[in-house]
>>> print(open('entry-v2.pdb').read())   # PDB, C-alpha atoms
ATOM      1  CA  MET A   1       0.000   0.000   0.000  1.00  0.00           C
ATOM      2  CA  LEU A   2       2.743   2.500   0.954  1.00  0.00           C
ATOM      3  CA  LEU A   3       4.933   3.409  -2.006  1.00  0.00           C
ATOM      4  CA  ARG A   4       7.582   5.594  -0.319  1.00  0.00           C
ATOM      5  CA  ILE A   5       8.006   8.317   2.246  1.00  0.00           C
ATOM      6  CA  ASP A   6       6.497  11.356   0.548  1.00  0.00           C
ATOM      7  CA  HIS A   7       7.491  13.945   3.153  1.00  0.00           C
ATOM      8  CA  VAL A   8       8.191  14.742   6.753  1.00  0.00           C
ATOM      9  CA  GLY A   9       6.179  17.581   8.256  1.00  0.00           C
ATOM     10  CA  ILE A  10       8.086  19.793  10.673  1.00  0.00           C
ATOM     11  CA  ALA A  11       6.307  22.277  12.919  1.00  0.00           C
ATOM     12  CA  CYS A  12       8.065  25.626  13.289  1.00  0.00           C
ATOM     13  CA  ARG A  13       7.290  28.954  14.948  1.00  0.00           C
ATOM     14  CA  ASN A  14       8.750  31.046  12.125  1.00  0.00           C
ATOM     15  CA  LEU A  15       8.574  29.743   8.563  1.00  0.00           C
ATOM     16  CA  ASP A  16      11.161  32.138   7.135  1.00  0.00           C
ATOM     17  CA  GLU A  17      13.726  31.234   9.816  1.00  0.00           C
ATOM     18  CA  ALA A  18      13.087  27.508   9.295  1.00  0.00           C
ATOM     19  CA  ILE A  19      13.485  27.879   5.526  1.00  0.00           C
ATOM     20  CA  ALA A  20      16.787  29.705   6.004  1.00  0.00           C
ATOM     21  CA  ARG A  21      17.995  26.940   8.351  1.00  0.00           C
ATOM     22  CA  TYR A  22      17.236  24.171   5.820  1.00  0.00           C
ATOM     23  CA  GLU A  23      18.682  26.150   2.911  1.00  0.00           C
ATOM     24  CA  THR A  24      21.895  26.947   4.786  1.00  0.00           C
ATOM     25  CA  THR A  25      22.365  23.562   6.423  1.00  0.00           C
ATOM     26  CA  PHE A  26      21.324  21.207   3.617  1.00  0.00           C
ATOM     27  CA  GLY A  27      21.361  23.339   0.467  1.00  0.00           C
ATOM     28  CA  LEU A  28      17.631  22.775  -0.087  1.00  0.00           C
ATOM     29  CA  THR A  29      15.464  25.327  -1.849  1.00  0.00           C
ATOM     30  CA  VAL A  30      11.791  26.093  -1.593  1.00  0.00           C
ATOM     31  CA  THR A  31       9.755  24.543  -4.385  1.00  0.00           C
ATOM     32  CA  SER A  32       6.355  25.695  -3.172  1.00  0.00           C
ATOM     33  CA  ARG A  33       4.833  28.024  -0.567  1.00  0.00           C
ATOM     34  CA  GLU A  34       1.163  27.863   0.369  1.00  0.00           C
ATOM     35  CA  VAL A  35      -1.279  29.035   2.972  1.00  0.00           C
ATOM     36  CA  ASN A  36      -3.785  26.336   3.871  1.00  0.00           C
ATOM     37  CA  PRO A  37      -6.592  28.022   5.823  1.00  0.00           C
ATOM     38  CA  GLU A  38      -8.417  24.697   6.350  1.00  0.00           C
ATOM     39  CA  GLN A  39      -5.396  23.306   8.228  1.00  0.00           C
ATOM     40  CA  GLY A  40      -4.353  26.646   9.719  1.00  0.00           C
ATOM     41  CA  VAL A  41      -0.800  26.681   8.365  1.00  0.00           C
ATOM     42  CA  ARG A  42       1.622  28.571   6.225  1.00  0.00           C
ATOM     43  CA  GLU A  43       3.891  26.020   4.642  1.00  0.00           C
ATOM     44  CA  ALA A  44       6.898  25.554   2.445  1.00  0.00           C
ATOM     45  CA  MET A  45       7.861  22.428   0.545  1.00  0.00           C
ATOM     46  CA  LEU A  46      11.571  21.795   0.021  1.00  0.00           C
ATOM     47  CA  GLN A  47      12.502  18.962  -2.330  1.00  0.00           C
ATOM     48  CA  VAL A  48      15.096  16.542  -0.960  1.00  0.00           C
ATOM     49  CA  GLY A  49      15.353  14.020  -3.774  1.00  0.00           C
ATOM     50  CA  ASP A  50      13.655  12.652  -6.845  1.00  0.00           C
ATOM     51  CA  ALA A  51      13.864   8.883  -6.940  1.00  0.00           C
ATOM     52  CA  ALA A  52      12.163   6.676  -9.507  1.00  0.00           C
ATOM     53  CA  GLY A  53       9.020   6.578  -7.342  1.00  0.00           C
ATOM     54  CA  GLY A  54       8.764  10.354  -7.148  1.00  0.00           C
ATOM     55  CA  PRO A  55      10.132  13.273  -5.166  1.00  0.00           C
ATOM     56  CA  THR A  56      10.630  13.402  -1.414  1.00  0.00           C
ATOM     57  CA  TRP A  57      10.014  16.581   0.575  1.00  0.00           C
ATOM     58  CA  VAL A  58      10.569  18.403   3.831  1.00  0.00           C
ATOM     59  CA  GLN A  59       7.342  20.256   4.644  1.00  0.00           C
ATOM     60  CA  LEU A  60       7.822  23.182   7.024  1.00  0.00           C
ATOM     61  CA  LEU A  61       4.622  24.187   8.854  1.00  0.00           C
ATOM     62  CA  GLU A  62       4.037  27.475  10.657  1.00  0.00           C
ATOM     63  CA  PRO A  63       0.676  27.814  12.427  1.00  0.00           C
ATOM     64  CA  THR A  64      -1.541  30.735  11.442  1.00  0.00           C
ATOM     65  CA  GLY A  65      -2.708  30.944  15.060  1.00  0.00           C
ATOM     66  CA  PRO A  66      -2.368  29.305  18.477  1.00  0.00           C
ATOM     67  CA  ASP A  67      -5.684  27.436  18.213  1.00  0.00           C
ATOM     68  CA  THR A  68      -4.773  25.567  15.018  1.00  0.00           C
ATOM     69  CA  PRO A  69      -3.596  21.931  15.152  1.00  0.00           C
ATOM     70  CA  VAL A  70       0.046  22.909  14.539  1.00  0.00           C
ATOM     71  CA  GLY A  71      -0.243  25.845  16.949  1.00  0.00           C
ATOM     72  CA  LYS A  72      -1.487  23.505  19.681  1.00  0.00           C
ATOM     73  CA  PHE A  73       1.239  20.984  18.810  1.00  0.00           C
ATOM     74  CA  ILE A  74       3.976  23.620  19.255  1.00  0.00           C
ATOM     75  CA  ALA A  75       2.435  24.805  22.543  1.00  0.00           C
ATOM     76  CA  ARG A  76       2.496  21.213  23.898  1.00  0.00           C
ATOM     77  CA  ARG A  77       5.705  19.842  22.406  1.00  0.00           C
ATOM     78  CA  GLY A  78       7.659  22.693  20.851  1.00  0.00           C
ATOM     79  CA  GLU A  79       9.030  22.779  17.351  1.00  0.00           C
ATOM     80  CA  GLY A  80       9.925  19.527  15.646  1.00  0.00           C
ATOM     81  CA  LEU A  81       8.686  16.513  13.777  1.00  0.00           C
ATOM     82  CA  HIS A  82       4.911  16.813  13.381  1.00  0.00           C
ATOM     83  CA  HIS A  83       4.032  13.947  11.020  1.00  0.00           C
ATOM     84  CA  VAL A  84       5.243  11.513   8.381  1.00  0.00           C
ATOM     85  CA  GLY A  85       3.539  11.407   4.989  1.00  0.00           C
ATOM     86  CA  TYR A  86       3.526   8.253   2.877  1.00  0.00           C
ATOM     87  CA  ALA A  87       2.724   8.187  -0.833  1.00  0.00           C
ATOM     88  CA  VAL A  88      -0.057   5.859  -1.953  1.00  0.00           C
ATOM     89  CA  ALA A  89      -1.303   5.126  -5.453  1.00  0.00           C
ATOM     90  CA  ASP A  90      -5.002   5.375  -4.555  1.00  0.00           C
ATOM     91  CA  ILE A  91      -5.931   7.167  -1.342  1.00  0.00           C
ATOM     92  CA  THR A  92      -9.567   6.017  -1.406  1.00  0.00           C
ATOM     93  CA  ALA A  93      -8.480   2.377  -1.645  1.00  0.00           C
ATOM     94  CA  ALA A  94      -5.858   2.915   1.076  1.00  0.00           C
ATOM     95  CA  LEU A  95      -8.478   4.402   3.427  1.00  0.00           C
ATOM     96  CA  ALA A  96     -10.823   1.478   2.712  1.00  0.00           C
ATOM     97  CA  SER A  97      -8.061  -1.036   3.433  1.00  0.00           C
ATOM     98  CA  ILE A  98      -7.058   0.729   6.647  1.00  0.00           C
ATOM     99  CA  GLY A  99     -10.724   0.836   7.650  1.00  0.00           C
ATOM    100  CA  ALA A 100     -10.550  -2.942   8.049  1.00  0.00           C
ATOM    101  CA  THR A 101      -7.802  -2.616  10.691  1.00  0.00           C
ATOM    102  CA  HIS A 102      -7.633  -1.177  14.198  1.00  0.00           C
ATOM    103  CA  VAL A 103      -6.223   2.145  12.903  1.00  0.00           C
ATOM    104  CA  ARG A 104      -8.707   5.026  13.019  1.00  0.00           C
ATOM    105  CA  PRO A 105      -8.686   7.569  10.210  1.00  0.00           C
ATOM    106  CA  LEU A 106      -8.893  11.212  11.257  1.00  0.00           C
ATOM    107  CA  ASP A 107     -10.267  11.961   7.788  1.00  0.00           C
ATOM    108  CA  GLN A 108     -13.156   9.826   6.548  1.00  0.00           C
ATOM    109  CA  ARG A 109     -12.508  10.952   2.980  1.00  0.00           C
ATOM    110  CA  PRO A 110      -9.586  12.609   1.208  1.00  0.00           C
ATOM    111  CA  ARG A 111      -9.072  16.365   1.283  1.00  0.00           C
ATOM    112  CA  HIS A 112      -6.854  18.887  -0.495  1.00  0.00           C
ATOM    113  CA  GLY A 113      -3.184  18.831   0.454  1.00  0.00           C
ATOM    114  CA  SER A 114       0.092  20.432  -0.588  1.00  0.00           C
ATOM    115  CA  LEU A 115       1.056  20.579  -4.239  1.00  0.00           C
ATOM    116  CA  GLY A 116      -2.469  19.536  -5.262  1.00  0.00           C
ATOM    117  CA  ALA A 117      -2.282  16.134  -3.566  1.00  0.00           C
ATOM    118  CA  SER A 118      -5.196  14.278  -1.989  1.00  0.00           C
ATOM    119  CA  ILE A 119      -4.477  13.562   1.683  1.00  0.00           C
ATOM    120  CA  ALA A 120      -5.907  11.876   4.780  1.00  0.00           C
ATOM    121  CA  PHE A 121      -4.530  11.603   8.298  1.00  0.00           C
ATOM    122  CA  LEU A 122      -4.508   8.563  10.590  1.00  0.00           C
ATOM    123  CA  HIS A 123      -4.855   8.706  14.369  1.00  0.00           C
ATOM    124  CA  PRO A 124      -1.462   8.858  16.092  1.00  0.00           C
ATOM    125  CA  ALA A 125      -2.665   6.883  19.125  1.00  0.00           C
ATOM    126  CA  ASP A 126      -3.127   3.856  16.849  1.00  0.00           C
ATOM    127  CA  LEU A 127       0.333   4.154  15.276  1.00  0.00           C
ATOM    128  CA  GLY A 128       2.697   4.410  18.218  1.00  0.00           C
ATOM    129  CA  GLY A 129       2.183   8.133  18.718  1.00  0.00           C
ATOM    130  CA  VAL A 130       3.064   9.062  15.137  1.00  0.00           C
ATOM    131  CA  LEU A 131       0.640  11.272  13.221  1.00  0.00           C
ATOM    132  CA  THR A 132       0.572   9.637   9.790  1.00  0.00           C
ATOM    133  CA  GLU A 133      -0.568  11.191   6.534  1.00  0.00           C
ATOM    134  CA  LEU A 134      -1.498   9.293   3.388  1.00  0.00           C
ATOM    135  CA  VAL A 135      -0.695  11.231   0.226  1.00  0.00           C
ATOM    136  CA  GLU A 136      -1.906  10.570  -3.292  1.00  0.00           C
ATOM    137  CA  PRO A 137       0.272  12.986  -5.264  1.00  0.00           C
ATOM    138  CA  ALA A 138      -1.357  15.094  -7.948  1.00  0.00           C
ATOM    139  CA  ALA A 139      -1.084  13.677 -11.442  1.00  0.00           C
ATOM    140  CA  SER A 140       1.850  15.220 -13.257  1.00  0.00           C
TER     141      SER A 140
END
>>> encode(input="entry-v2.pdb", output="structure tokens")
Amino acid sequence: MLLRIDHVGIACRNLDEAIARYETTFGLTVTSREVNPEQGVREAMLQVGDAAGGPTWVQLLEPTGPDTPVGKFIARRGEGLHHVGYAVADITAALASIGATHVRPLDQRPRHGSLGASIAFLHPADLGGVLTELVEPAAS
């Protein structure tokens, strides 16, 4: 079901400072910047690699307010790893398959994600404390 790691989502207080840190440290550059009001974040996608299965990203997430999911995460845990996103070929089929297990989806159906992808999150309590995102990348 899982094709590859699509991205790691990293919560940060200041998006511009986080971008500068990843550009300076790793030589990465921003490929995309978006504001996602539904998720309450400003984000930047930095491409790490482009293997045969598709690109891999670092997704930097700055909350648009303290009452957003990422804002609450930073208040509780500080900056750092927020979630891991895995690429899937068919997100609807992946959600149906996962529905037959003990893992609870946070999203009952796919929603809009970064770079035009379809996404759905899975409950971290069912996956060892790791917030997990399924990602069906946009068709190229």
>>> residues_around(input="entry-v2.pdb", residues="Val30 in chain A", least_positions_apart="3", cutoff="8 Å", atoms="all atoms listed in the file", output="VMD selection string")
chain A and resid 19 33 44 to 47
>>> resolve_selection(input="entry-v2.pdb", expression="the PyMOL selection byres ((chain A and resi 55) around 12)", output="list of chain:residue names")
A:Leu3, A:Arg4, A:Ile5, A:Asp6, A:His7, A:Thr31, A:Met45, A:Leu46, A:Gln47, A:Val48, A:Gly49, A:Asp50, A:Ala51, A:Ala52, A:Gly53, A:Gly54, A:Thr56, A:Trp57, A:Val58, A:Tyr86, A:Ala87, A:Leu115, A:Pro137, A:Ala138, A:Ser140
>>> closest_residue(input="entry-v2.pdb", among="A:Gln108, A:Ser97, A:Thr24, A:Thr68", to="Leu2 in chain A", atoms="all atoms listed in the file")
A:Ser97
>>> closest_residue(input="entry-v2.pdb", among="A:Gly128, A:Gly116, A:Gly80, A:Gly40", to="Cys12 in chain A", atoms="only C-alpha atoms")
A:Gly80
>>> closest_residue(input="entry-v2.pdb", among="A:Pro124, A:Arg21, A:Val135, A:Ile98", to="Pro110 in chain A", atoms="all atoms listed in the file")
A:Val135
>>> resolve_selection(input="entry-v2.pdb", expression="the PyMOL selection byres ((chain A and resi 123) around 6)", output="list in words")
Arg104, Pro105, Leu106, Leu122, Pro124, Ala125 and Asp126 of chain A
>>> residues_around(input="entry-v2.pdb", residues="Val70 in chain A", least_positions_apart="5", cutoff="8 Å", atoms="all atoms listed in the file", output="list in words")
Ala11, Gly40, Val41, Leu61, Glu62, Pro63 and His82 of chain A
